[in-house]
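Asker: This is the content of protein34.cif (mmCIF, C-alpha atoms):
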data_data
loop_
_atom_site.group_PDB
_atom_site.id
_atom_site.type_symbol
_atom_site.label_atom_id
_atom_site.label_comp_id
_atom_site.auth_asym_id
_atom_site.auth_seq_id
_atom_site.Cartn_x
_atom_site.Cartn_y
_atom_site.Cartn_z
ATOM 1 C CA MET A 1 -41.773 -33.151 65.249
ATOM 2 C CA ALA A 2 -42.501 -32.239 61.605
ATOM 3 C CA PRO A 3 -43.251 -28.607 60.761
ATOM 4 C CA ALA A 4 -46.886 -27.725 60.436
ATOM 5 C CA GLY A 5 -46.527 -27.142 56.706
ATOM 6 C CA LEU A 6 -45.546 -30.821 56.143
ATOM 7 C CA ARG A 7 -48.155 -32.469 58.378
ATOM 8 C CA GLY A 8 -50.978 -34.476 57.011
ATOM 9 C CA PRO A 9 -51.370 -36.464 53.780
ATOM 10 C CA ALA A 10 -50.204 -33.507 51.595
ATOM 11 C CA ALA A 11 -46.561 -33.798 52.743
ATOM 12 C CA PRO A 12 -45.699 -37.045 50.867
ATOM 13 C CA ALA A 13 -47.366 -35.692 47.727
ATOM 14 C CA ARG A 14 -45.219 -32.572 47.860
ATOM 15 C CA ARG A 15 -42.036 -34.625 48.272
ATOM 16 C CA ARG A 16 -43.050 -36.813 45.321
ATOM 17 C CA GLY A 17 -43.653 -33.642 43.289
ATOM 18 C CA ARG A 18 -40.166 -32.354 44.000
ATOM 19 C CA ARG A 19 -38.633 -35.703 43.018
ATOM 20 C CA VAL A 20 -40.570 -35.685 39.734
ATOM 21 C CA ALA A 21 -39.421 -32.112 38.986
ATOM 22 C CA LEU A 22 -35.780 -33.050 39.628
ATOM 23 C CA SER A 23 -36.134 -36.112 37.366
ATOM 24 C CA LEU A 24 -37.591 -33.993 34.568
ATOM 25 C CA LEU A 25 -34.754 -31.477 34.914
ATOM 26 C CA ALA A 26 -32.120 -34.251 34.691
ATOM 27 C CA ALA A 27 -33.866 -35.687 31.626
ATOM 28 C CA ALA A 28 -33.896 -32.276 29.954
ATOM 29 C CA LEU A 29 -30.180 -31.828 30.581
ATOM 30 C CA LEU A 30 -29.453 -35.283 29.188
ATOM 31 C CA LEU A 31 -31.525 -34.646 26.085
ATOM 32 C CA GLY A 32 -29.758 -31.311 25.615
ATOM 33 C CA ALA A 33 -26.367 -33.023 25.587
ATOM 34 C CA ASN A 34 -27.524 -35.804 23.259
ATOM 35 C CA ALA A 35 -28.970 -33.294 20.807
ATOM 36 C CA CYS A 36 -25.409 -32.511 19.648
ATOM 37 C CA GLY A 37 -24.182 -36.086 19.629
ATOM 38 C CA GLY A 38 -23.270 -36.118 23.320
ATOM 39 C CA ARG A 39 -20.557 -33.429 23.110
ATOM 40 C CA ALA A 40 -20.049 -29.967 21.736
ATOM 41 C CA THR A 41 -18.822 -29.701 18.159
ATOM 42 C CA THR A 42 -15.510 -27.875 18.065
ATOM 43 C CA HIS A 43 -15.249 -27.316 14.325
ATOM 44 C CA HIS A 44 -18.314 -25.356 13.361
ATOM 45 C CA LYS A 45 -17.488 -22.949 10.537
ATOM 46 C CA PRO A 46 -19.076 -19.515 10.202
ATOM 47 C CA GLY A 47 -22.111 -19.641 7.968
ATOM 48 C CA THR A 48 -22.592 -23.424 8.191
ATOM 49 C CA SER A 49 -25.264 -25.413 9.934
ATOM 50 C CA HIS A 50 -24.686 -27.990 12.651
ATOM 51 C CA GLU A 51 -25.597 -30.745 10.204
ATOM 52 C CA GLN A 52 -22.954 -29.525 7.766
ATOM 53 C CA ALA A 53 -20.329 -29.213 10.456
ATOM 54 C CA THR A 54 -20.844 -32.733 11.818
ATOM 55 C CA GLY A 55 -21.749 -34.428 8.546
ATOM 56 C CA SER A 56 -19.716 -35.119 5.435
ATOM 57 C CA ASN A 57 -19.734 -34.559 1.700
ATOM 58 C CA GLY A 58 -19.083 -37.210 -0.885
ATOM 59 C CA ARG A 59 -18.589 -40.912 -0.318
ATOM 60 C CA LEU A 60 -15.727 -42.161 1.823
ATOM 61 C CA LEU A 61 -13.899 -44.978 0.036
ATOM 62 C CA THR A 62 -11.889 -47.765 1.596
ATOM 63 C CA ALA A 63 -8.960 -46.934 -0.716
ATOM 64 C CA ASP A 64 -6.429 -44.280 0.267
ATOM 65 C CA ASP A 65 -4.164 -41.865 -1.596
ATOM 66 C CA GLY A 66 -1.037 -43.942 -1.077
ATOM 67 C CA SER A 67 0.052 -42.069 2.043
ATOM 68 C CA GLY A 68 -2.658 -43.208 4.454
ATOM 69 C CA HIS A 69 -5.363 -40.618 3.698
ATOM 70 C CA ARG A 70 -8.674 -42.144 2.607
ATOM 71 C CA LEU A 71 -10.300 -40.992 -0.621
ATOM 72 C CA ARG A 72 -13.513 -38.957 -0.474
ATOM 73 C CA GLN A 73 -15.257 -39.373 -3.825
ATOM 74 C CA VAL A 74 -17.540 -36.707 -5.317
ATOM 75 C CA ASP A 75 -19.273 -36.280 -8.657
ATOM 76 C CA ALA A 76 -17.101 -34.820 -11.397
ATOM 77 C CA GLN A 77 -19.576 -31.981 -11.955
ATOM 78 C CA ASP A 78 -19.031 -30.511 -8.480
ATOM 79 C CA ALA A 79 -15.514 -31.739 -7.840
ATOM 80 C CA PRO A 80 -12.625 -29.426 -6.945
ATOM 81 C CA GLU A 81 -9.949 -28.968 -9.617
ATOM 82 C CA VAL A 82 -6.301 -27.909 -9.489
ATOM 83 C CA ASP A 83 -3.604 -26.897 -11.988
ATOM 84 C CA LEU A 84 0.086 -26.678 -11.114
ATOM 85 C CA ALA A 85 2.818 -24.423 -12.517
ATOM 86 C CA VAL A 86 6.444 -24.164 -11.371
ATOM 87 C CA ARG A 87 9.237 -21.803 -12.295
ATOM 88 C CA PRO A 88 12.776 -21.345 -10.985
ATOM 89 C CA ASP A 89 13.222 -18.705 -8.300
ATOM 90 C CA SER A 90 15.879 -16.089 -9.076
ATOM 91 C CA GLU A 91 17.645 -16.778 -5.761
ATOM 92 C CA ASP A 92 16.790 -20.265 -4.567
ATOM 93 C CA GLY A 93 14.625 -23.235 -5.497
ATOM 94 C CA TRP A 94 11.253 -22.966 -7.212
ATOM 95 C CA ASN A 95 8.097 -20.876 -7.057
ATOM 96 C CA VAL A 96 5.010 -23.089 -7.112
ATOM 97 C CA HIS A 97 1.628 -21.728 -8.247
ATOM 98 C CA LEU A 98 -1.670 -23.580 -7.723
ATOM 99 C CA THR A 99 -4.757 -22.566 -9.716
ATOM 100 C CA VAL A 100 -7.931 -24.027 -8.192
ATOM 101 C CA ARG A 101 -11.575 -24.184 -9.272
ATOM 102 C CA ASN A 102 -14.633 -25.157 -7.213
ATOM 103 C CA PHE A 103 -12.304 -24.921 -4.225
ATOM 104 C CA ARG A 104 -11.005 -22.486 -1.645
ATOM 105 C CA PHE A 105 -8.305 -22.798 0.998
ATOM 106 C CA THR A 106 -9.586 -22.855 4.593
ATOM 107 C CA PRO A 107 -6.561 -22.964 6.927
ATOM 108 C CA ASP A 108 -8.655 -21.745 9.862
ATOM 109 C CA SER A 109 -10.726 -24.946 9.934
ATOM 110 C CA VAL A 110 -8.179 -27.693 9.246
ATOM 111 C CA GLY A 111 -9.169 -30.733 11.299
ATOM 112 C CA GLY A 112 -12.888 -29.969 11.009
ATOM 113 C CA ALA A 113 -15.605 -31.608 8.948
ATOM 114 C CA ALA A 114 -15.269 -32.257 5.226
ATOM 115 C CA LEU A 115 -17.218 -29.617 3.322
ATOM 116 C CA LEU A 116 -17.269 -29.771 -0.461
ATOM 117 C CA GLY A 117 -14.998 -27.251 -2.166
ATOM 118 C CA ARG A 118 -12.932 -26.457 0.946
ATOM 119 C CA GLY A 119 -9.667 -27.644 2.416
ATOM 120 C CA HIS A 120 -5.941 -27.500 1.689
ATOM 121 C CA ALA A 121 -3.337 -28.965 -0.664
ATOM 122 C CA ARG A 122 -0.298 -31.161 -0.204
ATOM 123 C CA LEU A 123 2.835 -31.241 -2.326
ATOM 124 C CA LEU A 124 4.465 -34.570 -3.110
ATOM 125 C CA LEU A 125 7.881 -35.105 -4.688
ATOM 126 C CA ASP A 126 8.087 -38.303 -6.739
ATOM 127 C CA GLY A 127 5.086 -39.556 -4.736
ATOM 128 C CA HIS A 128 6.542 -38.767 -1.308
ATOM 129 C CA PRO A 129 4.863 -36.160 0.969
ATOM 130 C CA LEU A 130 6.787 -32.893 0.924
ATOM 131 C CA ALA A 131 4.717 -30.002 2.334
ATOM 132 C CA ARG A 132 1.204 -28.839 3.200
ATOM 133 C CA VAL A 133 -0.080 -25.751 1.348
ATOM 134 C CA TYR A 134 -2.759 -23.280 2.510
ATOM 135 C CA GLY A 135 -2.735 -20.864 -0.434
ATOM 136 C CA THR A 136 -2.116 -20.511 -4.150
ATOM 137 C CA TRP A 137 1.632 -19.700 -3.905
ATOM 138 C CA PHE A 138 4.419 -21.677 -2.256
ATOM 139 C CA HIS A 139 8.195 -21.188 -2.331
ATOM 140 C CA LEU A 140 10.001 -24.512 -2.572
ATOM 141 C CA PRO A 141 13.615 -24.016 -1.409
ATOM 142 C CA GLU A 142 16.448 -26.158 -2.695
ATOM 143 C CA SER A 143 17.231 -27.204 0.893
ATOM 144 C CA LEU A 144 13.791 -28.837 1.202
ATOM 145 C CA LEU A 145 14.340 -30.736 -2.046
ATOM 146 C CA ARG A 146 17.711 -31.994 -0.841
ATOM 147 C CA ALA A 147 16.246 -33.016 2.527
ATOM 148 C CA ALA A 148 13.592 -35.016 0.656
ATOM 149 C CA GLY A 149 16.295 -36.871 -1.271
ATOM 150 C CA GLY A 150 15.823 -34.968 -4.535
ATOM 151 C CA GLY A 151 13.315 -35.582 -7.296
ATOM 152 C CA THR A 152 11.748 -34.038 -10.386
ATOM 153 C CA ARG A 153 8.039 -34.948 -10.346
ATOM 154 C CA LEU A 154 6.047 -32.480 -8.229
ATOM 155 C CA THR A 155 2.377 -33.216 -7.479
ATOM 156 C CA ALA A 156 -0.257 -30.952 -5.895
ATOM 157 C CA ARG A 157 -3.193 -32.872 -4.387
ATOM 158 C CA LEU A 158 -6.377 -31.437 -2.817
ATOM 159 C CA TYR A 159 -7.647 -32.502 0.607
ATOM 160 C CA ALA A 160 -10.708 -31.795 2.746
ATOM 161 C CA ASP A 161 -10.447 -30.230 6.203
ATOM 162 C CA ASP A 162 -10.662 -33.705 7.780
ATOM 163 C CA HIS A 163 -7.524 -34.716 5.771
ATOM 164 C CA THR A 164 -9.346 -37.051 3.397
ATOM 165 C CA ALA A 165 -8.294 -36.681 -0.251
ATOM 166 C CA TRP A 166 -10.869 -35.373 -2.714
ATOM 167 C CA ALA A 167 -11.344 -37.915 -5.499
ATOM 168 C CA VAL A 168 -13.241 -38.469 -8.753
ATOM 169 C CA ASP A 169 -13.721 -41.995 -10.120
ATOM 170 C CA ALA A 170 -11.584 -43.341 -7.246
ATOM 171 C CA ALA A 171 -8.592 -41.175 -8.306
ATOM 172 C CA PRO A 172 -7.262 -38.261 -6.218
ATOM 173 C CA VAL A 173 -7.842 -34.706 -7.490
ATOM 174 C CA GLN A 174 -4.309 -33.567 -8.349
ATOM 175 C CA ALA A 175 -1.957 -32.029 -10.916
ATOM 176 C CA THR A 176 1.688 -32.777 -11.699
ATOM 177 C CA ALA A 177 4.612 -30.751 -13.065
ATOM 178 C CA THR A 178 8.279 -31.499 -13.741
ATOM 179 C CA LEU A 179 10.911 -29.482 -11.922
ATOM 180 C CA GLY A 180 13.794 -30.446 -14.195
ATOM 181 C CA GLY A 181 16.953 -32.476 -13.807
ATOM 182 C CA ALA A 182 18.736 -29.834 -11.744
ATOM 183 C CA THR A 183 16.695 -30.716 -8.659
ATOM 184 C CA SER A 184 17.466 -34.432 -8.654
ATOM 185 C CA THR A 185 20.992 -33.833 -7.316
ATOM 186 C CA PRO A 186 22.554 -30.930 -5.411
ATOM 187 C CA THR A 187 23.883 -28.173 -7.656
ATOM 188 C CA PRO A 188 27.689 -28.033 -7.503
ATOM 189 C CA THR A 189 29.340 -24.790 -6.431
ATOM 190 C CA ARG A 190 30.887 -22.926 -9.365
ATOM 191 C CA THR A 191 33.790 -20.500 -9.225
ATOM 192 C CA PRO A 192 32.601 -16.952 -10.035
ATOM 193 C CA ASP A 193 33.266 -15.965 -13.656
ATOM 194 C CA ALA A 194 34.053 -12.305 -12.998
ATOM 195 C CA THR A 195 35.539 -10.717 -9.876
ATOM 196 C CA VAL A 196 35.895 -6.949 -9.583
ATOM 197 C CA GLU A 197 37.888 -5.479 -6.673
ATOM 198 C CA ILE A 198 37.293 -1.788 -5.905
ATOM 199 C CA SER A 199 38.376 0.508 -3.082
ATOM 200 C CA VAL A 200 37.150 3.998 -2.189
ATOM 201 C CA ARG A 201 39.341 6.374 -0.180
ATOM 202 C CA ASP A 202 38.962 10.118 0.333
ATOM 203 C CA GLY A 203 36.265 10.215 -2.345
ATOM 204 C CA LYS A 204 38.472 8.576 -5.003
ATOM 205 C CA VAL A 205 37.812 5.224 -6.684
ATOM 206 C CA SER A 206 40.655 2.765 -7.316
ATOM 207 C CA PRO A 207 41.143 1.488 -9.917
ATOM 208 C CA ALA A 208 39.608 4.284 -11.971
ATOM 209 C CA PRO A 209 36.062 3.464 -13.119
ATOM 210 C CA GLY A 210 36.098 1.397 -16.303
ATOM 211 C CA ARG A 211 34.083 -1.387 -17.930
ATOM 212 C CA THR A 212 33.956 -5.083 -17.132
ATOM 213 C CA GLU A 213 32.571 -7.417 -19.802
ATOM 214 C CA VAL A 214 30.593 -10.439 -18.665
ATOM 215 C CA LYS A 215 28.788 -13.127 -20.636
ATOM 216 C CA LYS A 216 25.102 -13.506 -19.892
ATOM 217 C CA GLY A 217 24.410 -16.207 -17.332
ATOM 218 C CA ARG A 218 27.806 -15.923 -15.662
ATOM 219 C CA THR A 219 28.403 -15.023 -12.020
ATOM 220 C CA VAL A 220 29.670 -11.587 -10.970
ATOM 221 C CA ARG A 221 31.453 -10.950 -7.682
ATOM 222 C CA LEU A 222 31.958 -7.343 -6.554
ATOM 223 C CA GLN A 223 34.431 -6.818 -3.705
ATOM 224 C CA VAL A 224 34.241 -3.228 -2.458
ATOM 225 C CA ARG A 225 36.006 -1.486 0.434
ATOM 226 C CA SER A 226 35.204 2.092 1.474
ATOM 227 C CA ASP A 227 36.782 4.333 4.106
ATOM 228 C CA ARG A 228 33.343 5.706 5.000
ATOM 229 C CA ALA A 229 29.946 4.055 5.516
ATOM 230 C CA ASP A 230 27.941 3.927 2.309
ATOM 231 C CA THR A 231 25.641 1.751 0.192
ATOM 232 C CA LEU A 232 26.652 -0.249 -2.870
ATOM 233 C CA HIS A 233 24.078 -0.410 -5.686
ATOM 234 C CA VAL A 234 23.972 -2.239 -9.035
ATOM 235 C CA HIS A 235 21.557 -0.495 -11.410
ATOM 236 C CA GLY A 236 19.333 -2.682 -13.560
ATOM 237 C CA TYR A 237 19.658 -5.646 -11.232
ATOM 238 C CA ASP A 238 18.400 -3.835 -8.106
ATOM 239 C CA LYS A 239 21.156 -5.381 -6.006
ATOM 240 C CA GLU A 240 22.334 -3.509 -2.912
ATOM 241 C CA ALA A 241 24.719 -4.042 -0.017
ATOM 242 C CA ARG A 242 25.702 -1.943 2.994
ATOM 243 C CA LEU A 243 29.310 -0.748 3.067
ATOM 244 C CA PRO A 244 30.520 -0.392 6.663
ATOM 245 C CA ALA A 245 33.525 1.884 6.939
ATOM 246 C CA GLY A 246 36.868 0.103 6.608
ATOM 247 C CA ARG A 247 35.443 -3.320 5.736
ATOM 248 C CA THR A 248 35.455 -5.270 2.459
ATOM 249 C CA VAL A 249 31.972 -6.311 1.329
ATOM 250 C CA THR A 250 31.282 -8.949 -1.337
ATOM 251 C CA LEU A 251 28.143 -8.786 -3.495
ATOM 252 C CA THR A 252 27.531 -11.813 -5.752
ATOM 253 C CA PHE A 253 24.800 -12.196 -8.393
ATOM 254 C CA THR A 254 24.074 -13.823 -11.766
ATOM 255 C CA ALA A 255 24.267 -11.599 -14.845
ATOM 256 C CA ASP A 256 21.022 -12.784 -16.427
ATOM 257 C CA ARG A 257 20.220 -9.503 -18.272
ATOM 258 C CA THR A 258 22.106 -8.024 -21.200
ATOM 259 C CA GLY A 259 23.050 -4.352 -21.416
ATOM 260 C CA LEU A 260 25.195 -1.709 -19.750
ATOM 261 C CA PHE A 261 24.786 -1.457 -15.967
ATOM 262 C CA GLU A 262 26.394 1.064 -13.614
ATOM 263 C CA VAL A 263 27.723 0.169 -10.187
ATOM 264 C CA GLU A 264 27.795 3.110 -7.767
ATOM 265 C CA THR A 265 27.603 4.270 -4.171
ATOM 266 C CA HIS A 266 24.420 5.951 -2.958
ATOM 267 C CA GLU A 267 25.505 8.442 -0.306
ATOM 268 C CA SER A 268 28.712 9.637 -2.001
ATOM 269 C CA ASP A 269 27.242 9.185 -5.515
ATOM 270 C CA LEU A 270 30.448 7.717 -6.934
ATOM 271 C CA LEU A 271 30.629 5.656 -10.105
ATOM 272 C CA LEU A 272 32.624 2.503 -9.269
ATOM 273 C CA THR A 273 32.486 0.589 -12.558
ATOM 274 C CA GLN A 274 30.261 -0.382 -15.474
ATOM 275 C CA LEU A 275 29.200 -3.918 -16.309
ATOM 276 C CA VAL A 276 28.688 -4.839 -19.952
ATOM 277 C CA VAL A 277 26.638 -8.027 -20.201
ATOM 278 C CA ARG A 278 26.433 -9.601 -23.669
#
Can you give me the file's structure in the form of structure tokens?
Answerer:
Amino acid sequence: MAPAGLRGPAAPARRRGRRVALSLLAAALLLGANACGGRATTHHKPGTSHEQATGSNGRLLTADDGSGHRLRQVDAQDAPEVDLAVRPDSEDGWNVHLTVRNFRFTPDSVGGAALLGRGHARLLLDGHPLARVYGTWFHLPESLLRAAGGGTRLTARLYADDHTAWAVDAAPVQATATLGGATSTPTPTRTPDATVEISVRDGKVSPAPGRTEVKKGRTVRLQVRSDRADTLHVHGYDKEARLPAGRTVTLTFTADRTGLFEVETHESDLLLTQLVVR
């Protein structure tokens, strides 16, 4: 027997009302999902609208950059720009410097939507992809050049967060510099030009401190043995090495500055030798 509250002609009307309310609720939920394209956007950037985050900037071309990334063409007036400078590192490889305009690096949103003036750079060696760059400086080690097969023509190219390549007049936005012939083949190992052997025992230096003449650009190898723990230091070159007690330590560097430079120990404050670089 139906409850008293559902008897009479009002009961079917109430059930129909509940069904209509449930239908409206389902429709609202569906519309809410479709309002963002059917799924949540995962690459919104702070300070950007939903339209910016899910839209694009520029015109996507059918052509690519030669490595599978499509070109995204923009007007020259608003286009990103890049300059490239390289210089040898004092220890290994090259230091690469990118100067950009109308552009900023956004490593936190790589993989998101393409927003004009944002993204990352890629380095290419003789046209082959080498590394991805998220800032203005990049150290390019010799080992990476050898692994890439060597080369001399380094290119920096700008990309949007969605990995399309920024382009003007159907050409990628990029800059190129020459590393020099030394990077096309591995650098052969050269025998050091000057080797100085020194020992310290009971506070005395052997042989007695003197002068060692070296031509600029040559390699210097210092082999030092001390009977007590100390620190080896080459003034002017800011080269240091720990001297464990009773062990021979070798410190190697290139004499690329001219002048008179003292080699000493820090803790015992002993003069070991003087280097004269001409």
Asker: As a check of understanding, name the residues that the PyMOL selection byres ((chain A and resi 198) around 8) selects in the supplied structure, as a list in words.
Answerer: Val196, Glu197, Ser199, Val200, Val205, Ser206, Pro207, Leu222, Gln223, Val224, Arg225 and Leu272 of chain A
Asker: For the structure shown, which residues end up in the PyMOL selection byres ((chain A and resi 129) around 10)? Put them as a short mmCIF file (atom, residue, chain, number, x, y, z; two decimals) with C-alpha atoms, keeping the file's coordinate frame, please?
Answerer:
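Just written: selection-v3.cif:
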data_model
loop_
_atom_site.label_atom_id
_atom_site.label_comp_id
_atom_site.auth_asym_id
_atom_site.auth_seq_id
_atom_site.Cartn_x
_atom_site.Cartn_y
_atom_site.Cartn_z
CA GLY A 66 -1.04 -43.94 -1.08
CA SER A 67 0.05 -42.07 2.04
CA ARG A 122 -0.30 -31.16 -0.20
CA LEU A 123 2.84 -31.24 -2.33
CA LEU A 124 4.46 -34.57 -3.11
CA LEU A 125 7.88 -35.10 -4.69
CA ASP A 126 8.09 -38.30 -6.74
CA GLY A 127 5.09 -39.56 -4.74
CA HIS A 128 6.54 -38.77 -1.31
CA LEU A 130 6.79 -32.89 0.92
CA ALA A 131 4.72 -30.00 2.33
CA ARG A 132 1.20 -28.84 3.20
CA ALA A 148 13.59 -35.02 0.66
CA LEU A 154 6.05 -32.48 -8.23
CA THR A 155 2.38 -33.22 -7.48
#
Asker: Any chance you could work out the residue set of the PyMOL selection byres ((chain A and resi 173) around 6) here, as a list of chain:residue names?
Answerer: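 This file gives the following for the PyMOL selection byres ((chain A and resi 173) around 6): A:Arg157, A:Leu158, A:Trp166, A:Ala167, A:Pro172, A:Gln174.
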Asker: Hey, what's within 9 Å of His139 (chain A) if we count only C-alpha atoms and toss same-chain stuff fewer than 6 positions away? As a VMD selection string, please?
Answerer: chain A and resid 89 92 to 97
Asker: Could you check which of A:His233, A:Arg59, A:Arg257, A:His120 is closest to Leu270 (chain A), using only C-alpha atoms?
Answerer: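 Smallest separation from Leu270 (chain A) among the options: A:His233.
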Asker: Which is closest to Phe261 (chain A) among A:Gly217, A:Pro88, A:Gly236, A:Gly111, if we use only C-alpha atoms?
Answerer: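 Comparing A:Gly217, A:Pro88, A:Gly236, A:Gly111 against Phe261 (chain A), the winner is A:Gly236.
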Asker: Which residues, written as a ChimeraX atom specification, have at least one atom at most 6 Å from Ala245 (chain A), with only C-alpha atoms counted and residues fewer than 5 positions away on the same chain left out?
Answerer: /A:226-229
Asker: Calculate how many Å separate CA of Thr212 (chain A) from CA of Leu260 (chain A), rounding to one decimal.
Answerer: 9.7 Å
Asker: Can you tell me, as a PyMOL selection string, what residues are no more than 6 Å from Val74 (chain A) when counting only C-alpha atoms, ignoring any on the same chain fewer than 5 positions away?
Answerer: chain A and resi 58+79+168
Asker: Output C-alpha atoms for every residue in the selection just made, as a CSV table (one decimal), keeping the file's coordinate frame.
Answerer:
chain,number,residue,atom,x,y,z
A,58,GLY,CA,-19.1,-37.2,-0.9
A,79,ALA,CA,-15.5,-31.7,-7.8
A,168,VAL,CA,-13.2,-38.5,-8.8
Asker: Using all atoms listed in the file, find the one residue out of A:Ser109, A:Thr152, A:Thr273, A:Thr231 that sits nearest to Leu179 (chain A).
Answerer: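 Using all atoms listed in the file, Leu179 (chain A) sits closest to A:Thr152.
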Asker: Between CA of Leu140 (chain A) and CA of Ala121 (chain A), what distance in Å does the model show, to one decimal?
Answerer: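 Between CA of Leu140 (chain A) and CA of Ala121 (chain A) the gap works out to 14.2 Å.
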Asker: What gap, in Å, lies between CA of Ala194 (chain A) and CA of Ser90 (chain A)?
Answerer: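 These two atoms are separated by 19.0 Å.
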Asker: Measuring atom to atom with all atoms listed in the file, identify which of A:Arg218, A:Asp256, A:Ser268, A:Arg211 is nearest to Leu243 (chain A).
Answerer: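 Using all atoms listed in the file, Leu243 (chain A) sits closest to A:Ser268.
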Asker: With all atoms listed in the file as the basis for distance, which of A:Leu71, A:Ala208, A:Leu271, A:Val277 is at the shortest distance from Ala171 (chain A)?
Answerer: A:Leu71
Asker: Using only C-alpha atoms for the distances, tell me which of A:Gly246, A:Leu251, A:Tyr159, A:Gly119 is nearest to Arg201 (chain A).
Answerer: A:Gly246
Asker: Can you pull region 86-144 of chain A out of that block with C-alpha atoms and hand it back as an mmCIF file, in the first residue's frame?
Answerer:
data_model
loop_
_atom_site.group_PDB
_atom_site.id
_atom_site.type_symbol
_atom_site.label_atom_id
_atom_site.label_comp_id
_atom_site.auth_asym_id
_atom_site.auth_seq_id
_atom_site.Cartn_x
_atom_site.Cartn_y
_atom_site.Cartn_z
ATOM 1 C CA VAL A 86 80.675 31.074 -28.324
ATOM 2 C CA ARG A 87 84.054 31.122 -26.648
ATOM 3 C CA PRO A 88 86.428 28.370 -25.534
ATOM 4 C CA ASP A 89 86.127 27.286 -21.914
ATOM 5 C CA SER A 90 89.386 27.410 -19.947
ATOM 6 C CA GLU A 91 88.991 23.759 -18.899
ATOM 7 C CA ASP A 92 86.779 21.958 -21.384
ATOM 8 C CA GLY A 93 84.693 22.626 -24.479
ATOM 9 C CA TRP A 94 82.850 25.873 -25.151
ATOM 10 C CA ASN A 95 80.715 28.410 -23.318
ATOM 11 C CA VAL A 96 77.625 29.288 -25.347
ATOM 12 C CA HIS A 97 75.765 32.575 -24.783
ATOM 13 C CA LEU A 98 72.304 33.307 -26.218
ATOM 14 C CA THR A 99 71.030 36.897 -26.370
ATOM 15 C CA VAL A 100 67.268 37.006 -26.975
ATOM 16 C CA ARG A 101 64.770 39.778 -27.717
ATOM 17 C CA ASN A 102 60.960 39.641 -27.633
ATOM 18 C CA PHE A 103 61.433 36.285 -25.924
ATOM 19 C CA ARG A 104 61.836 34.709 -22.514
ATOM 20 C CA PHE A 105 62.646 31.163 -21.444
ATOM 21 C CA THR A 106 59.764 29.299 -19.774
ATOM 22 C CA PRO A 107 61.050 25.874 -18.669
ATOM 23 C CA ASP A 108 58.163 25.466 -16.224
ATOM 24 C CA SER A 109 55.589 25.272 -19.031
ATOM 25 C CA VAL A 110 57.320 23.190 -21.709
ATOM 26 C CA GLY A 111 54.681 21.035 -23.389
ATOM 27 C CA GLY A 112 51.962 23.664 -22.945
ATOM 28 C CA ALA A 113 50.337 26.000 -25.438
ATOM 29 C CA ALA A 114 52.322 28.200 -27.806
ATOM 30 C CA LEU A 115 52.362 31.750 -26.467
ATOM 31 C CA LEU A 116 54.187 34.416 -28.441
ATOM 32 C CA GLY A 117 57.571 35.383 -27.018
ATOM 33 C CA ARG A 118 57.911 32.317 -24.767
ATOM 34 C CA GLY A 119 59.551 28.930 -25.018
ATOM 35 C CA HIS A 120 63.023 27.396 -25.164
ATOM 36 C CA ALA A 121 65.974 26.998 -27.530
ATOM 37 C CA ARG A 122 67.674 24.044 -29.158
ATOM 38 C CA LEU A 123 71.304 23.751 -30.190
ATOM 39 C CA LEU A 124 72.178 22.017 -33.445
ATOM 40 C CA LEU A 125 75.648 20.988 -34.604
ATOM 41 C CA ASP A 126 76.020 21.020 -38.390
ATOM 42 C CA GLY A 127 72.213 20.776 -38.577
ATOM 43 C CA HIS A 128 71.890 17.827 -36.191
ATOM 44 C CA PRO A 129 70.035 18.226 -32.843
ATOM 45 C CA LEU A 130 72.492 18.511 -29.968
ATOM 46 C CA ALA A 131 70.827 19.867 -26.803
ATOM 47 C CA ARG A 132 67.799 21.718 -25.443
ATOM 48 C CA VAL A 133 68.477 25.038 -23.672
ATOM 49 C CA TYR A 134 66.326 26.743 -21.008
ATOM 50 C CA GLY A 135 68.457 29.825 -20.327
ATOM 51 C CA THR A 136 70.932 32.272 -21.811
ATOM 52 C CA TRP A 137 74.107 30.307 -20.901
ATOM 53 C CA PHE A 138 75.057 26.737 -21.766
ATOM 54 C CA HIS A 139 78.332 24.852 -21.293
ATOM 55 C CA LEU A 140 79.078 22.633 -24.274
ATOM 56 C CA PRO A 141 81.597 19.959 -23.196
ATOM 57 C CA GLU A 142 84.023 18.391 -25.631
ATOM 58 C CA SER A 143 82.587 14.956 -24.784
ATOM 59 C CA LEU A 144 79.174 16.013 -26.135
#
